[in-house]
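Contents: one structure, followed by commentary.
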Amino acid sequence: MAGRFIKVKCSACGNEQIIYGNATIPIKCNVCGAQLTKPTGGRAVITNVSYKEVLPIV
Ligand SMILES: [Zn+2]
């Protein structure tokens with residue numbers, strides 16, 4: 001199954017960015033460097049975000 005892209009808003013600085021839901025490496029905020037995902041066995045756990053929205057696959 002293909003991974004999903006998720007729009008998240010960093011809870012530390014409010015930056016919005018698109019991340020890959022199945023990321024296997026930690027993803028950091030592009031602005032402040034806060035860690036946004038914690039990979040756990042192939043699935044990313046989203047953390048430190050104030051908002052998230054799963055984007056429809058196009
Ligand atoms: Zn941030």
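Chain identifiers are assigned as A, B, and so on, following the order in which chains appear in the structure tokens; residues are numbered from 1 within each chain, and ligands are numbered from 1 in order of appearance.
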Taking only C-alpha atoms and all ligand atoms into account, report as a list in words which residues have an atom no farther than 9 Å from an atom of ligand 1.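 Residues lying within 9 Å of ligand 1: Lys9, Cys10, Ser11, Ala12, Cys13, Gly14, Asn15, Glu16, Lys28, Cys29, Asn30, Val31, Cys32, Gly33, Ala34, Gln35, Leu36, Asn48 and Val49 of chain A.
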Check chain A with DSSP on the backbone and list each residue it calls strand (DSSP E or B), as a PyMOL selection string. chain A and resi 5-10+16-20+28+35+37-40+43-46+49-54
Using N, CA and C atoms, can you write the selected residues to a file as a tab-separated table (two decimals), in the first residue's frame?
chain	number	residue	atom	x	y	z
A	5	PHE	N	0.44	11.27	2.16
A	5	PHE	CA	1.07	12.53	2.51
A	5	PHE	C	0.15	13.25	3.49
A	6	ILE	N	0.77	13.86	4.45
A	6	ILE	CA	0.01	14.50	5.52
A	6	ILE	C	0.49	15.94	5.69
A	7	LYS	N	-0.46	16.84	5.75
A	7	LYS	CA	-0.10	18.23	6.02
A	7	LYS	C	-0.13	18.44	7.52
A	8	VAL	N	0.95	18.96	8.05
A	8	VAL	CA	1.03	19.17	9.49
A	8	VAL	C	1.41	20.60	9.79
A	9	LYS	N	1.07	21.01	11.00
A	9	LYS	CA	1.45	22.34	11.46
A	9	LYS	C	2.29	22.17	12.70
A	10	CYS	N	3.48	22.67	12.66
A	10	CYS	CA	4.40	22.55	13.78
A	10	CYS	C	3.82	23.26	15.00
A	16	GLU	N	3.65	25.26	8.42
A	16	GLU	CA	2.94	24.14	7.81
A	16	GLU	C	3.83	23.49	6.77
A	17	GLN	N	3.87	22.18	6.78
A	17	GLN	CA	4.62	21.49	5.74
A	17	GLN	C	4.00	20.13	5.47
A	18	ILE	N	4.31	19.60	4.30
A	18	ILE	CA	3.79	18.31	3.89
A	18	ILE	C	4.82	17.24	4.22
A	19	ILE	N	4.38	16.20	4.90
A	19	ILE	CA	5.30	15.11	5.22
A	19	ILE	C	4.74	13.80	4.68
A	20	TYR	N	5.61	12.83	4.57
A	20	TYR	CA	5.21	11.52	4.09
A	20	TYR	C	4.83	10.65	5.29
A	28	LYS	N	12.00	16.69	10.34
A	28	LYS	CA	12.07	17.87	11.18
A	28	LYS	C	11.38	19.05	10.52
A	35	GLN	N	11.37	18.05	15.91
A	35	GLN	CA	11.10	16.75	15.29
A	35	GLN	C	9.60	16.54	15.17
A	37	THR	N	8.11	13.76	13.29
A	37	THR	CA	7.72	12.35	13.25
A	37	THR	C	8.75	11.50	13.96
A	38	LYS	N	8.25	10.42	14.51
A	38	LYS	CA	9.08	9.45	15.19
A	38	LYS	C	8.83	8.11	14.50
A	39	PRO	N	9.78	7.61	13.73
A	39	PRO	CA	9.53	6.35	13.04
A	39	PRO	C	9.52	5.19	14.02
A	40	THR	N	8.50	4.34	13.90
A	40	THR	CA	8.42	3.17	14.77
A	40	THR	C	8.06	1.98	13.91
A	43	ARG	N	6.26	2.76	10.44
A	43	ARG	CA	5.18	3.73	10.38
A	43	ARG	C	5.55	4.94	11.21
A	44	ALA	N	5.33	6.10	10.65
A	44	ALA	CA	5.71	7.32	11.34
A	44	ALA	C	4.65	7.72	12.35
A	45	VAL	N	5.09	8.03	13.54
A	45	VAL	CA	4.18	8.58	14.54
A	45	VAL	C	4.38	10.09	14.52
A	46	ILE	N	3.27	10.79	14.34
A	46	ILE	CA	3.36	12.24	14.24
A	46	ILE	C	3.29	12.85	15.62
A	49	VAL	N	2.83	18.38	16.61
A	49	VAL	CA	2.09	19.17	15.65
A	49	VAL	C	0.77	19.63	16.28
A	50	SER	N	0.31	20.80	15.89
A	50	SER	CA	-0.93	21.32	16.45
A	50	SER	C	-2.10	21.02	15.52
A	51	TYR	N	-1.78	20.54	14.32
A	51	TYR	CA	-2.82	20.33	13.32
A	51	TYR	C	-2.29	19.34	12.31
A	52	LYS	N	-3.15	18.42	11.84
A	52	LYS	CA	-2.72	17.57	10.75
A	52	LYS	C	-3.90	17.19	9.88
A	53	GLU	N	-3.61	17.02	8.61
A	53	GLU	CA	-4.66	16.73	7.64
A	53	GLU	C	-4.10	15.74	6.63
A	54	VAL	N	-4.77	14.62	6.47
A	54	VAL	CA	-4.33	13.64	5.48
A	54	VAL	C	-4.78	14.12	4.11
